Every structure is written in structure tokens, then in C-alpha cells.
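Enquirer: Got a structure for you, written out below as C-alpha cells; questions coming shortly.
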Amino acid sequence: MSGLILSVHGSITEIRPEDWDALLEHEPERASPFARHAFLAACEESGCATPRTGWAPRHLVARRGGRVVAAAFAYVRESSDGDFGRDWEWAAAAARARLPWYPKLVLGVPFTPATGRRFLVAAGEDRAALVRALLERARRLCAEEGLHGLHVLFPGADEARELEEAGLALRVDFQYHWRNAGYADPEAFLAAFPSKRRNAIRREKAAPERQGIAIRTVRGDELSRDPEGWARDCFALHRASTDQMSWGMRFVNRAFYARVFAGLPDAVEVVEARREGRLVGMAFNLASAEVLYGRYWGCVEQHPFLHFNVALYHSIDECIRRGVRRFEGGAGGEHKLARGFEPAETWSAHLLLDRRLDAPIRRHLELERPQRLEAVARWREEHPRLGG
């Protein structure tokens, strides 16, 4: 494209926040809060997403006449822990064939398996042309730095199609999302379940009151008044839970929480659970006007059904009350199905620089994709009660 200058940046702080965020303003729902400069800066400046932790930033920026017109956040990775790309089997197969898989270039948000724009393009620009330009720069970056693959993780369905047209191979997976079918109140949502399941959910939802636990959502000005205090408490609860797990997903630290509370006060929500005034559990979420994104959960006391109420039920009720369209609960969790969540397709796009890897993976994905799409479609046909 005429007059276009492409650059690669080793830190999100090398790009002015106002220049970066201007790319999202015209489509905040498609971009998600995780694409905002403040969130990416929180990941990097806190020390959570740095070369030392296996996340070396290589953000791609396109400028014309000094103005930022497009960008993509990208990281060089030496492993797959925390990117949720689910490519361990591919990496193992490459190792058996004595072909290198790492390092790789990942276009995705660190430790955040949430769908959203991966190529940010200013309003009024030729999106398709700028996506192709950024992709070509990403390919050249792989060649220059000896990176063996380009992986775009969790783009939306429309962006995934753009990437397929640009020559990348698509992979479909799924998560569990709750969708608001225009419920008038929480009882209208429960009415969609069979009687036995409906009564079980009511019993689970009633448990906190019997246990003397009060649950509410804290947001906005209340969080802004004491971001350091909320960062301290959320990190302590999160750590208390992850420290009990052998796999211990300790991707974020207290500094990350502090920066997110300070930098995104309009997007952060905390579901708090208190017993006798003491904070005993929390869910740390981000939100846009139409979508709630569940991120981290933690507790310092164990109570039956506390996790379901703090991480799921309370936020479903809040989504109904506020008219929020969708609640994405994060990766995994088949227990969500019994509580009103449904399978939802997620996408990734891949290009391997070695044709000995690229060709067989493309064949595999061509066979796998229709099977997975059919499985989700079949589930929806068999479980129409929560559609809408």
C-alpha cells in the first residue's frame, strides 16, 4: 500500500496509548477489553509477559503519514504454556520428526483465551489490505528471527475467514459461553431447565445465604477508590487457590492486578464473597457493554457451591439484570453445561514456515474442522432449551 510504513516493537509502551486505542474505538465489542493498551501494558510492565517469562513482545504497527492505521499484538514464544493455543500434540509430533516447532510467533493476548480482534484497523481504512500487510510483515519477521510458525489465537469468526483467505489454515475449537435469550429475570432463565435440574440449581444458589455469605459485584468508582487494596486482596485470593493446584496457573502477579485496576476502571469487575465481613472469595472479571469475560477465581475458605455462585450464578443474574448479551467463562469446565452454558466455537489460524509441517497440519485441520462443527451443531439440536 502506498505510503505505508511497517514497524516491529519490543514493548507495547513504544506505542502511544491514544494511538493504539483509537484503532478499537469504532468496534469495542469485537476488539474486547483485552486488546486495549492498558491491559497489554499491565501484562508487560508487571513482569508477567516479558522475555524472561517466555513472552517476548513483537507488536506490529502500520503507519501512514505518521498516523497509526493498523496494529497487531504479537509475542515470540519458546513454549505453549499460557497461550491456550493447544498445540502440544503438534509440537510433540514435530519433535518426533526432528523438526523445530519453537520459537513461534503468537498473535494473541497473554494468558487470555478470549475471542476478539487480533488485527486492529482504524475506521475508514481498507481492512483487508492492512491485514494482509501486517501478515506479510509477520511472515518476514518469522524469517528474520528464525521463528518456525505464525499462530493467530482466538480471532472472531469473521476475522478467521479473513485469515483463511490470506493463506492461513483454520482450526476450530470450543468453549462454554452463557447467552442471554432476553430473560426478564433469573427465574425466567431457570424456567428453561427441566424441573429436576432447575431445583438443583436453586439449592446451589441458596447455599451462600445458609452459610452466612453475602455476594455482590463491585465495579467502577468503588474499585477506583482503592485499586491497590483490591489488587492486594484479589491476588491473595487467587494465589491461595492456585497454590493448592499441582499445575498452579500462576500467570499473573499482584503488580498485574494493580495496573489493571488503575488502567481499566471502566472494564474491571470483582464479584466478592464475604462472611462476617471478611473477604473469603472473589472472581476477577472484565466487561464490555455487551460481554462479560470471566478470568480468575480464588478463595480462602472452602464452602459447598461457593465457586459456582461466585464464578457463575451471580454473574449470570447480573447479566440478566443489566442486559448483557454474553458471558464467557474462560477455557474448560464441562460443569458449566449443567448450569446453562453452551458450546461456542473458537478459532485459531496457523502458518508453518516448514512445508514438512505446514502441509500435514493443513490436511489434519481440513478433516477435523467439519467434524467439530458438526458436533457443536448436533449438541444444539439436542439441547434447544437454552438457545436464543
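So you can find residues: chains in the C-alpha cells are A, B, ... in the order shown, residues in each start at 1, and ligands are numbered from 1 in order.
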Using 12 Å as the limit and counting only C-alpha atoms, can you tabulate each residue of range 268-295 of chain A that touches range 32-53 of chain A, with its shortest atom-to-atom distance in Å and the two atoms involved, as a tab-separated table?

Expert:
residue	atom	partner	partner_atom	distance
A:Val268	CA	A:Pro33	CA	9.1
A:Asn285	CA	A:Pro33	CA	10.6
A:Leu286	CA	A:Pro33	CA	7.1
A:Ala287	CA	A:Pro33	CA	7.0
A:Ser288	CA	A:Pro33	CA	6.7
A:Ala289	CA	A:Ser32	CA	9.9
A:Glu290	CA	A:Ser32	CA	10.0
A:Val291	CA	A:Ser32	CA	8.5
A:Leu292	CA	A:Ser32	CA	9.8
A:Tyr293	CA	A:Ser32	CA	9.1
A:Gly294	CA	A:Phe34	CA	12.0
A:Arg295	CA	A:Phe34	CA	11.0

Enquirer: Using C-alpha atoms, can you write the selected residues to a file as an mmCIF file, in the first residue's frame?

Expert:
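Ended up saving to selection-v3.cif:
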data_model
loop_
_atom_site.group_PDB
_atom_site.id
_atom_site.type_symbol
_atom_site.label_atom_id
_atom_site.label_comp_id
_atom_site.auth_asym_id
_atom_site.auth_seq_id
_atom_site.Cartn_x
_atom_site.Cartn_y
_atom_site.Cartn_z
ATOM 1 C CA VAL A 268 -12.910 -4.387 35.610
ATOM 2 C CA ASN A 285 -13.729 -10.310 35.518
ATOM 3 C CA LEU A 286 -13.527 -7.827 32.664
ATOM 4 C CA ALA A 287 -16.521 -6.495 30.792
ATOM 5 C CA SER A 288 -17.622 -4.513 27.779
ATOM 6 C CA ALA A 289 -21.116 -3.132 27.292
ATOM 7 C CA GLU A 290 -22.398 -6.430 25.893
ATOM 8 C CA VAL A 291 -19.987 -9.152 27.051
ATOM 9 C CA LEU A 292 -18.704 -10.284 30.448
ATOM 10 C CA TYR A 293 -15.388 -12.146 30.494
ATOM 11 C CA GLY A 294 -14.638 -14.404 33.435
ATOM 12 C CA ARG A 295 -10.928 -14.514 34.223
#

Enquirer: Pick out the residues sitting within 12 Å of Gly333 in chain A, and hand them over as an MDAnalysis selection string; count only C-alpha atoms, and ignore anything fewer than 5 positions along from it in its own chain.

Expert: chainID A and resid 174:177 308 311:312 328 338:339 341:343

Enquirer: Which one of A:Gly54, A:Gly340, A:Pro194, A:Gly10 sits closest to Glu78 in chain A if you count only C-alpha atoms?

Expert: A:Gly54

Enquirer: If you run DSSP over the backbone, which residues in range 89-195 of chain A end up strand (DSSP E or B)? Put them as a list in words.

Expert: Lys104, Leu105, Val106, Leu107, Leu120, Val121, Gly149, Leu150, His151, Val152, Leu153, Ala169, Leu170, Arg171, Val172, Asp173, Phe174, Gln175, Tyr176, His177, Trp178 and Arg179 of chain A

Enquirer: Given only C-alpha atoms as the basis, pick out the residue of A:Arg64, A:Ser315, A:Arg216, A:Arg30 nearest to Glu159 in chain A.

Expert: A:Arg30

Enquirer: With distances taken over only C-alpha atoms, which of A:Ser2, A:Val121, A:Thr242, A:Ile320 is nearest to Glu187 in chain A?

Expert: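 That would be A:Ile320, the residue with the smallest distance to Glu187 in chain A.
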
Enquirer: Would you mind telling me which residue in A:Asp185, A:Glu165, A:Asp233, A:Glu25 lies nearest to Cys319 in chain A when using only C-alpha atoms?

Expert: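 For Cys319 in chain A, the nearest of the candidates is A:Asp185.
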
Enquirer: Counting only C-alpha atoms, which residue out of A:Arg161, A:His59, A:His314, A:Arg137 sits closest to Ala273 in chain A?

Expert: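 Answer, going by the shortest atom-to-atom distance: A:His314.
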
Enquirer: Could you state the separation of CA of Ala184 in chain A and CA of Arg321 in chain A in Å, given to one decimal place?

Expert: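 Those two atoms sit 8.0 Å apart.
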
Enquirer: So that I can check the surroundings of Asp354 in chain A, please list as a VMD selection string every protein, DNA and RNA residue that reaches within 12 Å of it, counting only C-alpha atoms and ignoring chain neighbours fewer than 6 positions away.

Expert: chain A and resid 94 99 to 102 142 to 143 146 to 150 360 to 361

Enquirer: Identify which of the residues A:Asp266, A:Arg127, A:Arg86, A:Glu14 lies closest to Gly332 in chain A, counting only C-alpha atoms when measuring atom-to-atom distances.

Expert: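 Among A:Asp266, A:Arg127, A:Arg86, A:Glu14, it is A:Arg86 that comes nearest to Gly332 in chain A.
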
Enquirer: Going by DSSP on the backbone, which bits of range 134-228 of chain A are alpha helix (DSSP H)? Write them as a PyMOL selection string, please.

Expert: chain A and resi 134-145+157-165+186-190+195-210+221-224+227-228

Enquirer: For Arg171 in chain A, list every protein, DNA or RNA residue within 7 Å, evaluated using only C-alpha atoms, and leave out those in the same chain fewer than 2 positions away; present the list as a count of residues only.

Expert: 7

Enquirer: Please list as a PyMOL selection string every residue within 12 Å of Glu204 in chain A, counting only C-alpha atoms and excluding residues in the same chain fewer than 2 positions away.

Expert: chain A and resi 197-202+206-211+303-310+312-314+339

Enquirer: For the selection just defined, write its residues with N, CA, C and O atoms to a file, as a short mmCIF file (atom, residue, chain, number, x, y, z; two decimals), in the first residue's frame.

Expert:
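Output below, filename again.cif:
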data_model
loop_
_atom_site.label_atom_id
_atom_site.label_comp_id
_atom_site.auth_asym_id
_atom_site.auth_seq_id
_atom_site.Cartn_x
_atom_site.Cartn_y
_atom_site.Cartn_z
N ARG A 197 -33.34 -30.39 37.24
CA ARG A 197 -32.13 -29.56 37.17
C ARG A 197 -32.41 -28.17 37.73
O ARG A 197 -31.56 -27.57 38.39
N ARG A 198 -33.60 -27.65 37.47
CA ARG A 198 -33.97 -26.33 37.97
C ARG A 198 -33.94 -26.30 39.50
O ARG A 198 -33.40 -25.37 40.11
N ASN A 199 -34.47 -27.33 40.13
CA ASN A 199 -34.48 -27.39 41.59
C ASN A 199 -33.07 -27.55 42.15
O ASN A 199 -32.74 -26.98 43.20
N ALA A 200 -32.22 -28.30 41.44
CA ALA A 200 -30.84 -28.46 41.90
C ALA A 200 -30.10 -27.13 41.86
O ALA A 200 -29.34 -26.79 42.79
N ILE A 201 -30.33 -26.33 40.81
CA ILE A 201 -29.67 -25.03 40.71
C ILE A 201 -30.17 -24.10 41.80
O ILE A 201 -29.39 -23.36 42.42
N ARG A 202 -31.46 -24.15 42.08
CA ARG A 202 -31.99 -23.31 43.16
C ARG A 202 -31.33 -23.65 44.50
O ARG A 202 -31.01 -22.76 45.29
N ALA A 206 -28.95 -21.13 46.72
CA ALA A 206 -29.36 -20.76 48.09
C ALA A 206 -28.28 -21.04 49.12
O ALA A 206 -28.38 -20.57 50.26
N ALA A 207 -27.25 -21.78 48.75
CA ALA A 207 -26.24 -22.20 49.72
C ALA A 207 -25.53 -21.03 50.41
O ALA A 207 -25.35 -21.04 51.63
N PRO A 208 -25.08 -19.99 49.71
CA PRO A 208 -24.36 -18.91 50.39
C PRO A 208 -25.16 -18.26 51.52
O PRO A 208 -24.60 -17.96 52.59
N GLU A 209 -26.44 -18.04 51.33
CA GLU A 209 -27.24 -17.43 52.39
C GLU A 209 -27.25 -18.31 53.64
O GLU A 209 -27.11 -17.82 54.77
N ARG A 210 -27.38 -19.63 53.44
CA ARG A 210 -27.35 -20.55 54.59
C ARG A 210 -25.99 -20.52 55.28
O ARG A 210 -25.90 -20.74 56.49
N GLN A 211 -24.94 -20.28 54.51
CA GLN A 211 -23.58 -20.27 55.05
C GLN A 211 -23.18 -18.90 55.62
O GLN A 211 -22.05 -18.74 56.09
N HIS A 303 -16.38 -23.71 50.88
CA HIS A 303 -17.79 -23.87 51.20
C HIS A 303 -18.47 -24.54 50.00
O HIS A 303 -18.14 -24.22 48.85
N PRO A 304 -19.42 -25.44 50.24
CA PRO A 304 -20.11 -26.08 49.12
C PRO A 304 -20.75 -25.05 48.19
O PRO A 304 -21.43 -24.12 48.66
N PHE A 305 -20.51 -25.21 46.91
CA PHE A 305 -21.10 -24.41 45.85
C PHE A 305 -20.63 -22.94 45.83
O PHE A 305 -21.17 -22.13 45.09
N LEU A 306 -19.60 -22.61 46.63
CA LEU A 306 -19.11 -21.23 46.63
C LEU A 306 -18.58 -20.85 45.25
O LEU A 306 -18.86 -19.77 44.73
N HIS A 307 -17.81 -21.75 44.64
CA HIS A 307 -17.25 -21.45 43.32
C HIS A 307 -18.35 -21.21 42.29
O HIS A 307 -18.30 -20.25 41.51
N PHE A 308 -19.36 -22.08 42.27
CA PHE A 308 -20.43 -21.92 41.29
C PHE A 308 -21.14 -20.58 41.47
O PHE A 308 -21.50 -19.92 40.49
N ASN A 309 -21.36 -20.17 42.71
CA ASN A 309 -22.07 -18.93 42.96
C ASN A 309 -21.24 -17.70 42.63
O ASN A 309 -21.74 -16.76 42.01
N VAL A 310 -19.98 -17.70 43.02
CA VAL A 310 -19.14 -16.53 42.79
C VAL A 310 -18.72 -16.42 41.33
O VAL A 310 -18.74 -15.33 40.75
N LEU A 312 -20.06 -18.13 38.61
CA LEU A 312 -21.06 -18.37 37.57
C LEU A 312 -22.42 -17.74 37.88
O LEU A 312 -22.85 -16.80 37.21
N TYR A 313 -23.11 -18.26 38.90
CA TYR A 313 -24.51 -17.89 39.09
C TYR A 313 -24.72 -16.40 39.32
O TYR A 313 -25.62 -15.79 38.74
N HIS A 314 -23.91 -15.81 40.18
CA HIS A 314 -24.11 -14.38 40.48
C HIS A 314 -23.95 -13.55 39.21
O HIS A 314 -24.73 -12.62 38.96
N ARG A 339 -25.16 -25.83 34.02
CA ARG A 339 -25.55 -24.57 34.66
C ARG A 339 -25.89 -23.50 33.63
O ARG A 339 -25.82 -22.31 33.92
#

Enquirer: What's the separation between CA of Leu107 in chain A and CA of Val8 in chain A, in Å to one decimal place?

Expert: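 These atoms are spaced 12.9 Å apart.
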